[in-house]
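Chemist: File target_27.cif follows (mmCIF, C-alpha atoms):
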```
data_model
#
loop_
_atom_site.label_atom_id
_atom_site.label_comp_id
_atom_site.auth_asym_id
_atom_site.auth_seq_id
_atom_site.Cartn_x
_atom_site.Cartn_y
_atom_site.Cartn_z
CA MET P 1487 -11.41 -48.32 12.99
CA HIS P 1488 -12.08 -52.07 13.21
CA PHE P 1489 -14.06 -54.12 15.68
CA LYS P 1490 -12.54 -57.46 16.64
CA ILE P 1491 -14.94 -58.46 19.42
CA PHE P 1492 -17.65 -59.65 17.05
CA PRO P 1493 -16.05 -60.33 13.68
CA SER P 1494 -18.40 -59.80 10.79
CA LEU P 1495 -16.14 -60.56 7.85
CA PHE P 1496 -14.58 -63.99 7.38
CA GLU P 1497 -12.35 -64.92 4.49
CA LYS P 1498 -12.48 -68.57 3.44
CA PRO P 1499 -13.84 -69.77 6.79
CA GLN P 1500 -13.24 -73.47 7.35
CA LYS P 1501 -15.77 -74.11 10.12
CA ILE P 1502 -18.79 -72.37 8.63
CA ARG P 1503 -21.34 -74.06 6.40
CA PHE P 1504 -24.83 -73.26 5.20
CA GLU P 1505 -27.93 -75.18 4.26
CA HIS P 1506 -27.92 -76.57 0.70
CA GLN P 1507 -24.20 -75.95 0.28
CA GLU P 1508 -23.02 -78.11 -2.58
CA GLU P 1509 -20.25 -80.64 -2.12
CA LYS P 1510 -17.60 -78.81 -4.15
CA GLU P 1511 -18.80 -75.37 -3.14
CA ARG P 1512 -16.50 -73.49 -0.79
CA ILE P 1513 -17.18 -70.27 1.04
CA GLU P 1514 -14.96 -67.36 -0.05
CA LEU P 1515 -16.56 -64.65 2.08
CA PHE P 1516 -18.91 -64.77 5.00
CA LEU P 1517 -20.40 -61.45 6.07
CA ARG P 1518 -22.69 -59.94 8.63
CA ARG P 1519 -23.70 -56.37 9.20
CA HIS P 1520 -20.86 -54.37 10.77
CA PRO P 1521 -20.84 -54.73 14.60
CA VAL P 1522 -21.19 -50.98 14.94
CA THR P 1523 -24.75 -51.31 13.58
CA ASN P 1524 -25.60 -53.03 16.87
CA ILE P 1525 -24.89 -49.88 18.88
CA PRO P 1526 -28.49 -48.48 18.74
CA TRP P 1527 -30.09 -51.59 20.30
CA ILE P 1528 -27.22 -52.03 22.78
CA VAL P 1529 -27.55 -48.42 23.97
CA ALA P 1530 -31.37 -48.73 24.12
CA SER P 1531 -31.00 -51.92 26.20
CA LEU P 1532 -28.49 -50.34 28.58
CA ILE P 1533 -30.78 -47.36 29.11
CA GLY P 1534 -33.66 -49.76 29.65
CA LEU P 1535 -31.65 -51.78 32.18
CA ALA P 1536 -30.59 -48.67 34.08
CA LEU P 1537 -34.01 -47.01 34.14
CA PRO P 1538 -35.49 -48.88 37.18
CA ILE P 1539 -32.29 -48.19 39.15
CA LEU P 1540 -32.62 -44.49 38.39
CA THR P 1541 -36.36 -44.32 39.09
CA PRO P 1542 -36.08 -43.78 42.90
CA PHE P 1543 -33.62 -40.95 42.29
CA ILE P 1544 -35.92 -39.41 39.72
CA GLU P 1545 -38.80 -39.69 42.16
CA GLN P 1546 -36.71 -38.13 44.91
CA PHE P 1547 -35.78 -35.32 42.54
CA LEU P 1548 -39.44 -34.74 41.64
CA GLY P 1549 -40.47 -35.00 45.30
CA THR P 1550 -43.15 -37.67 44.76
CA THR P 1551 -43.76 -40.92 46.69
CA LEU P 1552 -45.61 -42.96 44.08
CA LEU P 1553 -43.34 -46.01 44.37
CA LEU P 1554 -43.81 -46.24 48.16
CA GLN P 1555 -47.56 -46.53 47.72
CA ILE P 1556 -47.33 -49.65 45.52
CA PRO P 1557 -47.10 -52.98 47.42
CA VAL P 1558 -43.61 -54.51 47.22
CA GLN P 1559 -44.86 -57.77 45.66
CA ILE P 1560 -46.56 -55.92 42.79
CA LEU P 1561 -43.50 -53.74 42.32
CA VAL P 1562 -41.22 -56.80 42.14
CA GLY P 1563 -43.64 -58.45 39.68
CA PHE P 1564 -43.57 -55.45 37.37
CA LEU P 1565 -39.79 -55.22 37.66
CA VAL P 1566 -39.36 -58.88 36.69
CA ILE P 1567 -41.70 -58.47 33.69
CA TYR P 1568 -39.88 -55.31 32.64
CA TYR P 1569 -36.48 -57.02 32.69
CA LEU P 1570 -37.88 -60.08 30.87
CA ILE P 1571 -39.12 -57.85 28.04
CA ILE P 1572 -35.69 -56.22 27.79
CA LEU P 1573 -34.02 -59.65 27.81
CA ALA P 1574 -36.30 -60.80 24.97
CA TYR P 1575 -35.43 -57.65 23.01
CA ILE P 1576 -31.68 -58.25 23.52
CA ILE P 1577 -31.92 -61.92 22.51
CA GLU P 1578 -33.94 -61.21 19.36
CA SER P 1579 -31.71 -58.30 18.31
CA PHE P 1580 -28.58 -60.40 18.76
CA LEU P 1581 -30.01 -63.44 16.94
CA PHE P 1582 -31.13 -61.38 13.95
CA TRP P 1583 -27.70 -59.77 13.70
CA TYR P 1584 -25.83 -63.06 14.12
CA PHE P 1585 -27.84 -65.15 11.66
CA ASN P 1586 -28.75 -62.63 8.94
CA VAL P 1587 -25.70 -63.29 6.80
CA TYR P 1588 -24.33 -62.83 3.33
CA ILE P 1589 -22.22 -65.57 1.79
CA VAL P 1590 -20.07 -65.49 -1.31
CA THR P 1591 -18.98 -68.90 -2.51
CA ASN P 1592 -16.99 -69.97 -5.56
CA GLN P 1593 -20.36 -70.65 -7.26
CA HIS P 1594 -23.06 -68.52 -5.69
CA ILE P 1595 -23.99 -65.41 -3.79
CA VAL P 1596 -26.30 -66.25 -0.91
CA ASP P 1597 -28.36 -63.84 1.15
CA ILE P 1598 -29.92 -65.42 4.24
CA ASN P 1599 -32.59 -63.34 5.94
CA PHE P 1600 -34.57 -64.14 9.03
CA ASN P 1601 -37.21 -61.46 8.76
CA SER P 1602 -39.21 -62.43 11.82
CA VAL P 1603 -39.49 -65.23 14.33
CA LEU P 1604 -39.61 -68.60 12.52
CA SER P 1605 -39.53 -67.14 9.02
CA LYS P 1606 -36.54 -67.24 6.73
CA GLU P 1607 -35.71 -66.15 3.22
CA VAL P 1608 -32.74 -67.54 1.32
CA ILE P 1609 -31.78 -65.86 -1.94
CA GLU P 1610 -29.21 -67.72 -3.97
CA VAL P 1611 -27.84 -66.37 -7.21
CA SER P 1612 -25.21 -67.94 -9.43
CA LEU P 1613 -22.01 -65.96 -9.97
CA ASP P 1614 -22.63 -66.41 -13.71
CA ASP P 1615 -25.72 -64.21 -13.40
CA VAL P 1616 -23.89 -61.27 -11.82
CA GLU P 1617 -24.03 -58.25 -14.12
CA SER P 1618 -22.65 -55.41 -12.04
CA ILE P 1619 -21.44 -54.73 -8.53
CA SER P 1620 -21.38 -51.39 -6.81
CA ARG P 1621 -20.72 -50.05 -3.32
CA LYS P 1622 -22.38 -47.31 -1.38
CA MET P 1623 -20.77 -45.56 1.55
CA GLY P 1624 -22.11 -42.34 2.93
CA GLY P 1625 -21.69 -40.30 6.06
CA LEU P 1626 -19.13 -39.89 8.78
CA TRP P 1627 -20.17 -43.01 10.65
CA HIS P 1628 -19.65 -45.19 7.54
CA ALA P 1629 -16.26 -43.62 6.79
CA LEU P 1630 -15.10 -43.87 10.41
CA PHE P 1631 -15.90 -47.55 10.82
CA VAL P 1632 -15.37 -48.50 7.15
CA TYR P 1633 -18.69 -50.10 6.29
CA GLY P 1634 -21.35 -49.69 3.64
CA ASP P 1635 -23.69 -51.41 1.22
CA VAL P 1636 -22.64 -53.67 -1.62
CA ILE P 1637 -25.23 -53.79 -4.40
CA ILE P 1638 -25.16 -56.70 -6.81
CA GLU P 1639 -27.27 -56.49 -9.96
CA THR P 1640 -28.02 -59.84 -11.51
CA ALA P 1641 -29.72 -61.33 -14.55
CA ALA P 1642 -31.48 -63.84 -12.35
CA LYS P 1643 -35.11 -63.71 -11.22
CA GLN P 1644 -33.99 -61.91 -8.07
CA GLN P 1645 -32.57 -58.90 -9.85
CA ARG P 1646 -30.77 -57.23 -7.01
CA ILE P 1647 -29.03 -58.40 -3.86
CA THR P 1648 -27.88 -55.85 -1.32
CA PHE P 1649 -25.30 -56.65 1.30
CA ASP P 1650 -26.51 -54.23 3.89
CA LYS P 1651 -23.94 -52.34 6.01
CA VAL P 1652 -21.13 -54.84 5.61
CA PRO P 1653 -17.55 -54.10 6.66
CA ASN P 1654 -14.96 -53.14 4.09
CA PRO P 1655 -17.23 -52.91 1.01
CA ASP P 1656 -14.32 -52.17 -1.35
CA PHE P 1657 -12.69 -55.46 -0.46
CA VAL P 1658 -15.99 -57.34 -0.80
CA VAL P 1659 -16.57 -55.87 -4.27
CA ASP P 1660 -13.00 -56.82 -5.31
CA VAL P 1661 -13.43 -60.41 -4.16
CA ILE P 1662 -16.78 -60.82 -5.97
CA GLN P 1663 -15.40 -59.24 -9.14
CA ASP P 1664 -12.37 -61.55 -9.06
CA LEU P 1665 -14.61 -64.58 -8.59
CA VAL P 1666 -16.92 -63.56 -11.44
CA SER P 1667 -13.94 -62.92 -13.75
CA ALA P 1668 -12.31 -66.21 -12.81
CA ARG P 1669 -15.54 -68.05 -13.56
CA LYS P 1670 -15.97 -66.33 -16.94
CA LEU P 1671 -12.36 -67.16 -17.88
CA PHE P 1672 -12.88 -70.74 -16.80
CA PHE P 1673 -15.97 -71.20 -18.97
CA GLU P 1674 -14.41 -69.38 -21.94
CA GLY P 1675 -11.39 -71.69 -21.66
CA ASP P 1676 -13.74 -74.63 -21.57
CA LYS P 1677 -15.46 -73.55 -24.81
CA LYS P 1678 -12.12 -73.23 -26.65
CA MET B 1385 -66.82 -58.24 53.36
CA GLU B 1386 -65.77 -60.96 55.78
CA ILE B 1387 -65.83 -64.63 54.79
CA GLY B 1388 -64.71 -66.98 57.57
CA SER B 1389 -61.46 -65.65 58.97
CA GLN B 1390 -60.31 -63.99 55.70
CA VAL B 1391 -60.95 -60.36 55.03
CA PHE B 1392 -61.19 -59.32 51.39
CA THR B 1393 -60.23 -55.74 50.83
CA LEU B 1394 -59.87 -53.78 47.63
CA GLU B 1395 -56.10 -53.98 48.03
CA SER B 1396 -56.01 -57.77 48.39
CA GLY B 1397 -58.40 -58.11 45.44
CA LEU B 1398 -56.17 -55.96 43.28
CA GLN B 1399 -53.13 -57.96 44.38
CA LEU B 1400 -54.90 -61.15 43.30
CA ILE B 1401 -55.71 -59.69 39.89
CA PHE B 1402 -52.12 -58.53 39.46
CA LYS B 1403 -50.79 -61.93 40.53
CA ALA B 1404 -53.03 -63.66 37.97
CA GLY B 1405 -51.80 -61.19 35.34
CA PHE B 1406 -48.18 -61.89 36.23
CA ILE B 1407 -48.70 -65.65 35.99
CA ILE B 1408 -50.43 -65.33 32.59
CA PHE B 1409 -47.54 -63.18 31.39
CA ALA B 1410 -44.99 -65.72 32.68
CA VAL B 1411 -46.77 -68.58 30.89
CA LEU B 1412 -46.85 -66.59 27.63
CA TYR B 1413 -43.18 -65.74 28.12
CA PHE B 1414 -42.37 -69.42 28.58
CA ILE B 1415 -44.16 -70.17 25.29
CA PHE B 1416 -42.10 -67.40 23.70
CA SER B 1417 -38.90 -69.00 25.05
CA LEU B 1418 -39.92 -72.31 23.43
CA ILE B 1419 -40.41 -70.43 20.15
CA VAL B 1420 -36.90 -68.99 20.62
CA ILE B 1421 -35.53 -72.55 20.95
CA ARG B 1422 -37.29 -73.49 17.70
CA GLN B 1423 -36.06 -70.29 16.06
CA VAL B 1424 -32.46 -70.94 17.15
CA LYS B 1425 -32.71 -74.52 15.82
CA LEU B 1426 -33.90 -73.21 12.45
CA MET B 1427 -31.15 -70.58 12.38
CA THR B 1428 -28.33 -72.92 13.41
CA GLU B 1429 -29.43 -75.48 10.83
CA THR B 1430 -29.45 -72.85 8.10
CA VAL B 1431 -26.11 -71.30 9.02
CA VAL B 1432 -23.70 -73.67 10.74
CA THR B 1433 -21.12 -71.73 12.74
CA GLU B 1434 -18.80 -72.47 15.63
CA GLY B 1435 -20.99 -70.49 18.01
CA GLY B 1436 -24.13 -72.45 17.11
CA ALA B 1437 -23.86 -74.96 19.94
CA ILE B 1438 -23.36 -72.20 22.53
CA ILE B 1439 -26.36 -70.28 21.22
CA ARG B 1440 -28.52 -73.43 21.33
CA ALA B 1441 -27.41 -74.03 24.93
CA LEU B 1442 -28.20 -70.41 25.83
CA ALA B 1443 -31.68 -70.76 24.30
CA ILE B 1444 -32.34 -73.79 26.52
CA ILE B 1445 -31.07 -71.91 29.59
CA PHE B 1446 -33.38 -69.04 28.62
CA ALA B 1447 -36.36 -71.43 28.53
CA GLY B 1448 -35.32 -72.76 31.96
CA LEU B 1449 -35.19 -69.22 33.27
CA SER B 1450 -38.66 -68.53 31.87
CA LEU B 1451 -39.96 -71.62 33.61
CA GLY B 1452 -38.34 -70.37 36.81
CA VAL B 1453 -40.24 -67.10 36.47
CA ILE B 1454 -43.57 -69.00 36.46
CA VAL B 1455 -42.49 -70.73 39.70
CA LEU B 1456 -41.42 -67.37 41.13
CA PHE B 1457 -44.76 -65.75 40.32
CA ILE B 1458 -46.78 -68.68 41.68
CA GLY B 1459 -44.72 -69.21 44.81
CA PHE B 1460 -43.40 -65.90 45.98
CA LEU B 1461 -45.72 -63.16 44.86
#
```
Let me see whether you can do it: turn the structure in this file into structure tokens.
Modeler:
Amino acid sequence: MHFKIFPSLFEKPQKIRFEHQEEKERIELFLRRHPVTNIPWIVASLIGLALPILTPFIEQFLGTTLLLQIPVQILVGFLVIYYLIILAYIIESFLFWYFNVYIVTNQHIVDINFNSVLSKEVIEVSLDDVESISRKMGGLWHALFVYGDVIIETAAKQQRITFDKVPNPDFVVDVIQDLVSARKLFFEGDKK
Amino acid sequence: MEIGSQVFTLESGLQLIFKAGFIIFAVLYFIFSLIVIRQVKLMTETVVTEGGAIIRALAIIFAGLSLGVIVLFIGFL
């Protein structure tokens, strides 16, 4: 089952670049977490949005009149604040999903993380340092939507990079392995 | 207690406290929206995508909305 509304896997994208991308470096794969991983915060937001609408019915069901005793202006004020908090939650959740990306280029593997507001972490490892690549898929949800983790062990200072919950991990592993092999062949050819 | 023609009751006092609280919240929220603009700038500079310009525009609209909330709280509540 594939999601096309918010693509999270791009092959050789032409209109995407990243900071410190070298001149001859081209992006082979651009990945985000699978869109299905957004479902928990989307559902939580929808419930949050619907809650004030349901409150009068809940109150009617319980037989209380608490809402009627609060002045309308105060009630409106609280309602506005409530929806602003939900809006902030939606914006932050979307931004973190959209900009926390994994990039595979013909030279590097790049993991860009925005851990919190105004803080970022960019891990860049050369393809030459890649030692092993594995995938991890577990559970019905992962099998149904075809996503999982890709774990890359490296000889670099940053010993492990994990592509967390990316779509089609088998394909991602294949692409990285092909790139690593091609690079090794290229350098071996150079030595001869 | 009666001062001039205005009568201060517990209810009106509470309303005033709430209104002040709402305005403080709105100001803090506006500051947060400015941080979001800065955050989006940082993000769109790090990862340049087609949707970057739209997201930057949305962040500015969000800050405008937050400013509108301050006006709402000052003027209408």
Chemist: Got a sec to resolve the PyMOL selection byres ((chain B) within 9 of (chain P)) on this structure and send the residues as a ChimeraX atom specification?
Modeler: /B:1399,1402-1403,1406,1409-1410,1413,1416-1417,1419-1420,1422-1424,1426-1434,1439,1450,1453,1457,1460-1461
Chemist: For the provided coordinates, the residues matched by the PyMOL selection byres ((chain P and resi 1654-1662) around 7) should be stated as a list in words.
Modeler: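 This file gives the following for the PyMOL selection byres ((chain P and resi 1654-1662) around 7): Ile1619, Arg1621, Val1632, Tyr1633, Gly1634, Asp1635, Val1636, Val1652, Pro1653, Gln1663, Asp1664, Leu1665 and Val1666 of chain P.
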Chemist: Near range 1536-1540 of chain P, counting all atoms listed in the file, which residues have an atom at most 12 Å away, once you skip same-chain residues fewer than 5 positions from it, shown as a ChimeraX atom specification?
Modeler: /P:1529-1531,1545-1547,1553,1561-1562,1564-1569,1572
Chemist: Might I get the box with edges along x, y and z of the file that holds all atoms of range 1522-1537 of chain P listed there, padded by 4 Å on every side, given as centre and edge lengths in Å to one decimal, as lines of an AutoDock Vina configuration file?
Modeler:
```
center_x = -27.6
center_y = -50.0
center_z = 23.9
size_x = 20.8
size_y = 14.0
size_z = 28.6
```
Chemist: Between P:Ile1525, P:Leu1554, P:Ile1589, P:Ile1544, single out the one closest to Lys1498 in chain P, counting all atoms listed in the file.
Modeler: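 Smallest separation from Lys1498 in chain P among the options: P:Ile1589.
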Chemist: When you write range 1422-1449 of chain B out from the block above, keep N, CA, C and O atoms and present the result as a compact mmCIF listing (two decimals), in the first residue's frame, please.
Modeler:
```
# COMPACT_ATOMS: atom_id res chain seq x y z
N ARG B 1422 11.79 31.89 12.06
CA ARG B 1422 13.24 31.68 12.11
C ARG B 1422 13.56 30.20 11.88
O ARG B 1422 14.50 29.86 11.16
N GLN B 1423 12.77 29.34 12.52
CA GLN B 1423 12.96 27.90 12.39
C GLN B 1423 12.77 27.45 10.93
O GLN B 1423 13.58 26.70 10.39
N VAL B 1424 11.70 27.96 10.30
CA VAL B 1424 11.42 27.61 8.90
C VAL B 1424 12.55 28.11 7.99
O VAL B 1424 12.96 27.41 7.06
N LYS B 1425 13.08 29.29 8.29
CA LYS B 1425 14.19 29.84 7.50
C LYS B 1425 15.40 28.89 7.59
O LYS B 1425 16.00 28.55 6.57
N LEU B 1426 15.70 28.50 8.82
CA LEU B 1426 16.83 27.58 9.05
C LEU B 1426 16.61 26.26 8.30
O LEU B 1426 17.52 25.75 7.63
N MET B 1427 15.39 25.75 8.38
CA MET B 1427 15.07 24.47 7.75
C MET B 1427 15.13 24.56 6.23
O MET B 1427 15.70 23.69 5.57
N THR B 1428 14.55 25.63 5.68
CA THR B 1428 14.51 25.76 4.22
C THR B 1428 15.88 26.09 3.63
O THR B 1428 16.11 25.86 2.45
N GLU B 1429 16.75 26.65 4.45
CA GLU B 1429 18.13 26.88 3.98
C GLU B 1429 18.95 25.59 4.02
O GLU B 1429 19.84 25.40 3.21
N THR B 1430 18.61 24.73 4.97
CA THR B 1430 19.35 23.47 5.09
C THR B 1430 18.91 22.47 4.02
O THR B 1430 19.73 21.81 3.40
N VAL B 1431 17.59 22.37 3.84
CA VAL B 1431 17.06 21.47 2.82
C VAL B 1431 16.23 22.32 1.85
O VAL B 1431 15.17 22.84 2.22
N VAL B 1432 16.71 22.45 0.64
CA VAL B 1432 16.01 23.29 -0.34
C VAL B 1432 15.09 22.41 -1.17
O VAL B 1432 15.55 21.55 -1.94
N THR B 1433 13.78 22.59 -0.98
CA THR B 1433 12.80 21.80 -1.73
C THR B 1433 11.85 22.75 -2.47
O THR B 1433 11.85 23.96 -2.22
N GLU B 1434 11.02 22.15 -3.31
CA GLU B 1434 10.05 22.96 -4.05
C GLU B 1434 9.02 23.62 -3.13
O GLU B 1434 8.53 24.71 -3.39
N GLY B 1435 8.69 22.92 -2.05
CA GLY B 1435 7.66 23.42 -1.14
C GLY B 1435 8.17 24.47 -0.16
O GLY B 1435 7.39 25.02 0.62
N GLY B 1436 9.47 24.76 -0.20
CA GLY B 1436 10.07 25.67 0.77
C GLY B 1436 9.45 27.06 0.79
O GLY B 1436 9.15 27.61 1.86
N ALA B 1437 9.21 27.60 -0.41
CA ALA B 1437 8.65 28.96 -0.50
C ALA B 1437 7.23 29.01 0.09
O ALA B 1437 6.88 29.96 0.80
N ILE B 1438 6.46 27.96 -0.18
CA ILE B 1438 5.08 27.90 0.35
C ILE B 1438 5.12 27.82 1.87
O ILE B 1438 4.36 28.52 2.56
N ILE B 1439 6.02 27.01 2.40
CA ILE B 1439 6.12 26.86 3.86
C ILE B 1439 6.55 28.17 4.51
O ILE B 1439 6.03 28.56 5.56
N ARG B 1440 7.49 28.88 3.85
CA ARG B 1440 7.92 30.18 4.39
C ARG B 1440 6.75 31.17 4.40
O ARG B 1440 6.55 31.89 5.38
N ALA B 1441 5.96 31.14 3.32
CA ALA B 1441 4.79 32.04 3.24
C ALA B 1441 3.78 31.69 4.33
O ALA B 1441 3.22 32.59 4.98
N LEU B 1442 3.57 30.39 4.54
CA LEU B 1442 2.63 29.95 5.58
C LEU B 1442 3.10 30.38 6.98
O LEU B 1442 2.28 30.75 7.82
N ALA B 1443 4.41 30.34 7.18
CA ALA B 1443 4.96 30.75 8.49
C ALA B 1443 4.69 32.24 8.73
O ALA B 1443 4.37 32.65 9.86
N ILE B 1444 4.79 33.04 7.67
CA ILE B 1444 4.52 34.48 7.81
C ILE B 1444 3.03 34.71 8.07
O ILE B 1444 2.66 35.52 8.92
N ILE B 1445 2.18 33.96 7.36
CA ILE B 1445 0.73 34.07 7.59
C ILE B 1445 0.40 33.69 9.04
O ILE B 1445 -0.42 34.33 9.70
N PHE B 1446 1.08 32.66 9.53
CA PHE B 1446 0.89 32.20 10.91
C PHE B 1446 1.24 33.31 11.91
O PHE B 1446 0.51 33.54 12.88
N ALA B 1447 2.34 34.02 11.63
CA ALA B 1447 2.74 35.14 12.51
C ALA B 1447 1.69 36.25 12.45
O ALA B 1447 1.35 36.86 13.47
N GLY B 1448 1.16 36.49 11.25
CA GLY B 1448 0.09 37.50 11.09
C GLY B 1448 -1.15 37.12 11.88
O GLY B 1448 -1.76 37.95 12.55
N LEU B 1449 -1.47 35.84 11.83
CA LEU B 1449 -2.63 35.33 12.59
C LEU B 1449 -2.40 35.52 14.09
O LEU B 1449 -3.31 35.94 14.82
```
